[in-house]
Amino acid sequence: MSDGTTKVFTWEEGARIEVRNLGGGIVIEANAAGLKTLAGHLLTLAQVGTPDGAHLHLEENNGLEEGSVCLVLERCDDE
C-alpha cells in the first residue's frame, strides 16, 4: 500500500517461473504467462506513488517453481 492505495500484483493463468543460481549468474526461466506476470509485477512497482523500498518476494511455493531460489523485486529510487 502506498499513499492509501493498495498495489495489486496479478498472476496470469498458467504462469510458470523458475529462478536458478548458476554461481556466476541468475537464470529466470518462464513460459509466456510467467513472463507477462513478471512484467506486470515490475510495472506495478514502477507506478507513480509507489514508495522507494516497495518490494515483492517470490519464492518456491509462493509463485516460483519447486527448486527455485528466492527472487526479490524492489523499487529503489536512490541514485
# chains A, B, ... in the order shown; residues from 1 in each chain; ligands from 1

$ select_by_dssp --residues "chain A" --states "strand (DSSP E)" --output "PDB file with C-alpha atoms, in the first residue's frame"
ATOM      1  CA  ILE A  17       8.500 -19.086 -13.303  1.00  0.00           C
ATOM      2  CA  GLU A  18      11.738 -20.733 -12.207  1.00  0.00           C
ATOM      3  CA  VAL A  19      14.797 -18.891 -10.851  1.00  0.00           C
ATOM      4  CA  ARG A  20      18.171 -20.648 -10.771  1.00  0.00           C
ATOM      5  CA  ASN A  21      21.513 -19.501  -9.368  1.00  0.00           C
ATOM      6  CA  ILE A  26      20.981 -15.911 -12.315  1.00  0.00           C
ATOM      7  CA  VAL A  27      18.608 -17.504 -14.827  1.00  0.00           C
ATOM      8  CA  ILE A  28      14.924 -16.603 -14.830  1.00  0.00           C
ATOM      9  CA  GLU A  29      13.082 -19.141 -16.934  1.00  0.00           C
ATOM     10  CA  ALA A  30       9.378 -18.657 -17.585  1.00  0.00           C
ATOM     11  CA  HIS A  55       9.090  -4.877  -2.892  1.00  0.00           C
ATOM     12  CA  LEU A  56       7.701  -8.287  -3.688  1.00  0.00           C
ATOM     13  CA  HIS A  57       9.196 -11.608  -2.572  1.00  0.00           C
ATOM     14  CA  LEU A  58       8.835 -14.539  -4.938  1.00  0.00           C
ATOM     15  CA  GLU A  59       9.848 -17.897  -3.516  1.00  0.00           C
ATOM     16  CA  GLU A  60       9.362 -21.594  -4.035  1.00  0.00           C
ATOM     17  CA  GLY A  63       4.859 -18.043  -7.117  1.00  0.00           C
ATOM     18  CA  LEU A  64       8.030 -19.837  -8.206  1.00  0.00           C
ATOM     19  CA  LEU A  71      13.719 -13.543  -6.119  1.00  0.00           C
ATOM     20  CA  VAL A  72      13.009 -10.105  -4.669  1.00  0.00           C
ATOM     21  CA  LEU A  73      11.721  -7.333  -6.937  1.00  0.00           C
ATOM     22  CA  GLU A  74      12.320  -3.983  -5.214  1.00  0.00           C
TER      23      GLU A  74
END

$ residues_around --residues "Gly14 of chain A" --least-positions-apart "3" --cutoff "9 Å" --atoms "only C-alpha atoms" --output "tab-separated table (two decimals) with all heavy atoms, in the first residue's frame"
chain	number	residue	atom	x	y	z
A	11	TRP	N	-1.47	-12.37	-11.35
A	11	TRP	CA	-0.81	-13.51	-11.96
A	11	TRP	C	-1.61	-13.96	-13.18
A	11	TRP	O	-2.83	-14.11	-13.10
A	11	TRP	CB	-0.73	-14.67	-10.96
A	11	TRP	CG	0.26	-14.38	-9.87
A	11	TRP	CD1	0.05	-13.64	-8.75
A	11	TRP	CD2	1.61	-14.79	-9.83
A	11	TRP	NE1	1.20	-13.58	-8.01
A	11	TRP	CE2	2.17	-14.28	-8.65
A	11	TRP	CE3	2.41	-15.56	-10.68
A	11	TRP	CZ2	3.50	-14.49	-8.30
A	11	TRP	CZ3	3.73	-15.77	-10.33
A	11	TRP	CH2	4.26	-15.25	-9.15
A	31	ASN	N	7.46	-19.41	-18.80
A	31	ASN	CA	6.64	-19.53	-20.00
A	31	ASN	C	6.06	-18.14	-20.31
A	31	ASN	O	6.32	-17.18	-19.58
A	31	ASN	CB	5.56	-20.60	-19.83
A	31	ASN	CG	4.57	-20.31	-18.72
A	31	ASN	OD1	4.56	-19.24	-18.11
A	31	ASN	ND2	3.70	-21.29	-18.43
A	33	ALA	N	3.09	-16.89	-20.04
A	33	ALA	CA	2.27	-16.36	-18.95
A	33	ALA	C	3.14	-15.89	-17.79
A	33	ALA	O	2.86	-14.88	-17.15
A	33	ALA	CB	1.27	-17.41	-18.48
A	34	GLY	N	4.22	-16.61	-17.51
A	34	GLY	CA	5.14	-16.21	-16.45
A	34	GLY	C	5.86	-14.92	-16.78
A	34	GLY	O	6.04	-14.06	-15.90

$ atom_distance --atom1 "atom CA of Gly25 of chain A" --atom2 "atom CA of Val69 of chain A"
12.2 Å

$ select_by_dssp --residues "chain A" --states "helix (DSSP H, G or I)" --output "PyMOL selection string"
chain A and resi 32-46

$ write_last_selection --atoms "all heavy atoms" --output "JSON list (two decimals), in the first residue's frame"
[["chain", "number", "residue", "atom", "x", "y", "z"],
["A", 32, "ALA", "N", 5.30, -18.05, -21.40],
["A", 32, "ALA", "CA", 4.77, -16.74, -21.80],
["A", 32, "ALA", "C", 3.93, -16.10, -20.69],
["A", 32, "ALA", "O", 4.07, -14.90, -20.40],
["A", 32, "ALA", "CB", 3.94, -16.87, -23.08],
["A", 33, "ALA", "N", 3.09, -16.89, -20.04],
["A", 33, "ALA", "CA", 2.27, -16.36, -18.95],
["A", 33, "ALA", "C", 3.14, -15.89, -17.79],
["A", 33, "ALA", "O", 2.86, -14.88, -17.15],
["A", 33, "ALA", "CB", 1.27, -17.41, -18.48],
["A", 34, "GLY", "N", 4.22, -16.61, -17.51],
["A", 34, "GLY", "CA", 5.14, -16.21, -16.45],
["A", 34, "GLY", "C", 5.86, -14.92, -16.78],
["A", 34, "GLY", "O", 6.04, -14.06, -15.90],
["A", 35, "LEU", "N", 6.27, -14.75, -18.02],
["A", 35, "LEU", "CA", 6.94, -13.51, -18.43],
["A", 35, "LEU", "C", 5.98, -12.32, -18.34],
["A", 35, "LEU", "O", 6.36, -11.24, -17.88],
["A", 35, "LEU", "CB", 7.49, -13.64, -19.85],
["A", 35, "LEU", "CG", 8.66, -14.62, -20.00],
["A", 35, "LEU", "CD1", 8.99, -14.82, -21.48],
["A", 35, "LEU", "CD2", 9.88, -14.14, -19.23],
["A", 36, "LYS", "N", 4.72, -12.53, -18.74],
["A", 36, "LYS", "CA", 3.72, -11.45, -18.62],
["A", 36, "LYS", "C", 3.49, -11.11, -17.14],
["A", 36, "LYS", "O", 3.32, -9.95, -16.79],
["A", 36, "LYS", "CB", 2.41, -11.87, -19.28],
["A", 36, "LYS", "CG", 2.49, -11.91, -20.79],
["A", 36, "LYS", "CD", 1.17, -12.40, -21.36],
["A", 36, "LYS", "CE", 1.26, -12.58, -22.85],
["A", 36, "LYS", "NZ", 0.00, -13.13, -23.41],
["A", 37, "THR", "N", 3.48, -12.12, -16.30],
["A", 37, "THR", "CA", 3.30, -11.91, -14.86],
["A", 37, "THR", "C", 4.45, -11.07, -14.30],
["A", 37, "THR", "O", 4.22, -10.09, -13.59],
["A", 37, "THR", "CB", 3.20, -13.26, -14.13],
["A", 37, "THR", "OG1", 2.01, -13.93, -14.56],
["A", 37, "THR", "CG2", 3.18, -13.09, -12.63],
["A", 38, "LEU", "N", 5.69, -11.45, -14.61],
["A", 38, "LEU", "CA", 6.84, -10.69, -14.14],
["A", 38, "LEU", "C", 6.81, -9.25, -14.65],
["A", 38, "LEU", "O", 7.08, -8.31, -13.90],
["A", 38, "LEU", "CB", 8.14, -11.36, -14.56],
["A", 38, "LEU", "CG", 8.54, -12.61, -13.79],
["A", 38, "LEU", "CD1", 9.76, -13.26, -14.43],
["A", 38, "LEU", "CD2", 8.81, -12.29, -12.33],
["A", 39, "ALA", "N", 6.46, -9.08, -15.92],
["A", 39, "ALA", "CA", 6.36, -7.73, -16.49],
["A", 39, "ALA", "C", 5.32, -6.91, -15.74],
["A", 39, "ALA", "O", 5.54, -5.74, -15.43],
["A", 39, "ALA", "CB", 6.02, -7.81, -17.98],
["A", 40, "GLY", "N", 4.20, -7.52, -15.43],
["A", 40, "GLY", "CA", 3.15, -6.83, -14.69],
["A", 40, "GLY", "C", 3.60, -6.44, -13.29],
["A", 40, "GLY", "O", 3.30, -5.35, -12.81],
["A", 41, "HIS", "N", 4.35, -7.34, -12.63],
["A", 41, "HIS", "CA", 4.86, -7.03, -11.30],
["A", 41, "HIS", "C", 5.80, -5.82, -11.35],
["A", 41, "HIS", "O", 5.73, -4.93, -10.51],
["A", 41, "HIS", "CB", 5.61, -8.23, -10.72],
["A", 41, "HIS", "CG", 4.75, -9.41, -10.38],
["A", 41, "HIS", "ND1", 3.38, -9.39, -10.34],
["A", 41, "HIS", "CD2", 5.10, -10.67, -10.06],
["A", 41, "HIS", "CE1", 2.92, -10.59, -10.01],
["A", 41, "HIS", "NE2", 3.95, -11.38, -9.82],
["A", 42, "LEU", "N", 6.67, -5.80, -12.35],
["A", 42, "LEU", "CA", 7.61, -4.69, -12.49],
["A", 42, "LEU", "C", 6.87, -3.38, -12.79],
["A", 42, "LEU", "O", 7.20, -2.32, -12.24],
["A", 42, "LEU", "CB", 8.65, -5.00, -13.56],
["A", 42, "LEU", "CG", 9.62, -6.14, -13.21],
["A", 42, "LEU", "CD1", 10.44, -6.53, -14.43],
["A", 42, "LEU", "CD2", 10.51, -5.77, -12.05],
["A", 43, "LEU", "N", 5.86, -3.45, -13.64],
["A", 43, "LEU", "CA", 5.08, -2.24, -13.95],
["A", 43, "LEU", "C", 4.33, -1.75, -12.72],
["A", 43, "LEU", "O", 4.20, -0.54, -12.51],
["A", 43, "LEU", "CB", 4.11, -2.52, -15.10],
["A", 43, "LEU", "CG", 4.75, -2.65, -16.48],
["A", 43, "LEU", "CD1", 3.74, -3.15, -17.50],
["A", 43, "LEU", "CD2", 5.34, -1.32, -16.92],
["A", 44, "THR", "N", 3.84, -2.67, -11.90],
["A", 44, "THR", "CA", 3.18, -2.27, -10.66],
["A", 44, "THR", "C", 4.14, -1.52, -9.75],
["A", 44, "THR", "O", 3.81, -0.47, -9.20],
["A", 44, "THR", "CB", 2.59, -3.50, -9.93],
["A", 44, "THR", "OG1", 1.60, -4.09, -10.79],
["A", 44, "THR", "CG2", 1.97, -3.13, -8.60],
["A", 45, "LEU", "N", 5.36, -2.04, -9.60],
["A", 45, "LEU", "CA", 6.36, -1.37, -8.77],
["A", 45, "LEU", "C", 6.77, -0.02, -9.35],
["A", 45, "LEU", "O", 7.18, 0.88, -8.61],
["A", 45, "LEU", "CB", 7.59, -2.26, -8.59],
["A", 45, "LEU", "CG", 7.40, -3.46, -7.66],
["A", 45, "LEU", "CD1", 8.59, -4.41, -7.76],
["A", 45, "LEU", "CD2", 7.19, -3.01, -6.23],
["A", 46, "ALA", "N", 6.66, 0.14, -10.66],
["A", 46, "ALA", "CA", 7.08, 1.38, -11.32],
["A", 46, "ALA", "C", 6.00, 2.47, -11.30],
["A", 46, "ALA", "O", 6.26, 3.60, -11.69],
["A", 46, "ALA", "CB", 7.47, 1.09, -12.77]]

$ closest_residue --among "A:Val48, A:Val8, A:Asp77, A:Arg16" --to "Asn62 of chain A" --atoms "only C-alpha atoms"
A:Arg16
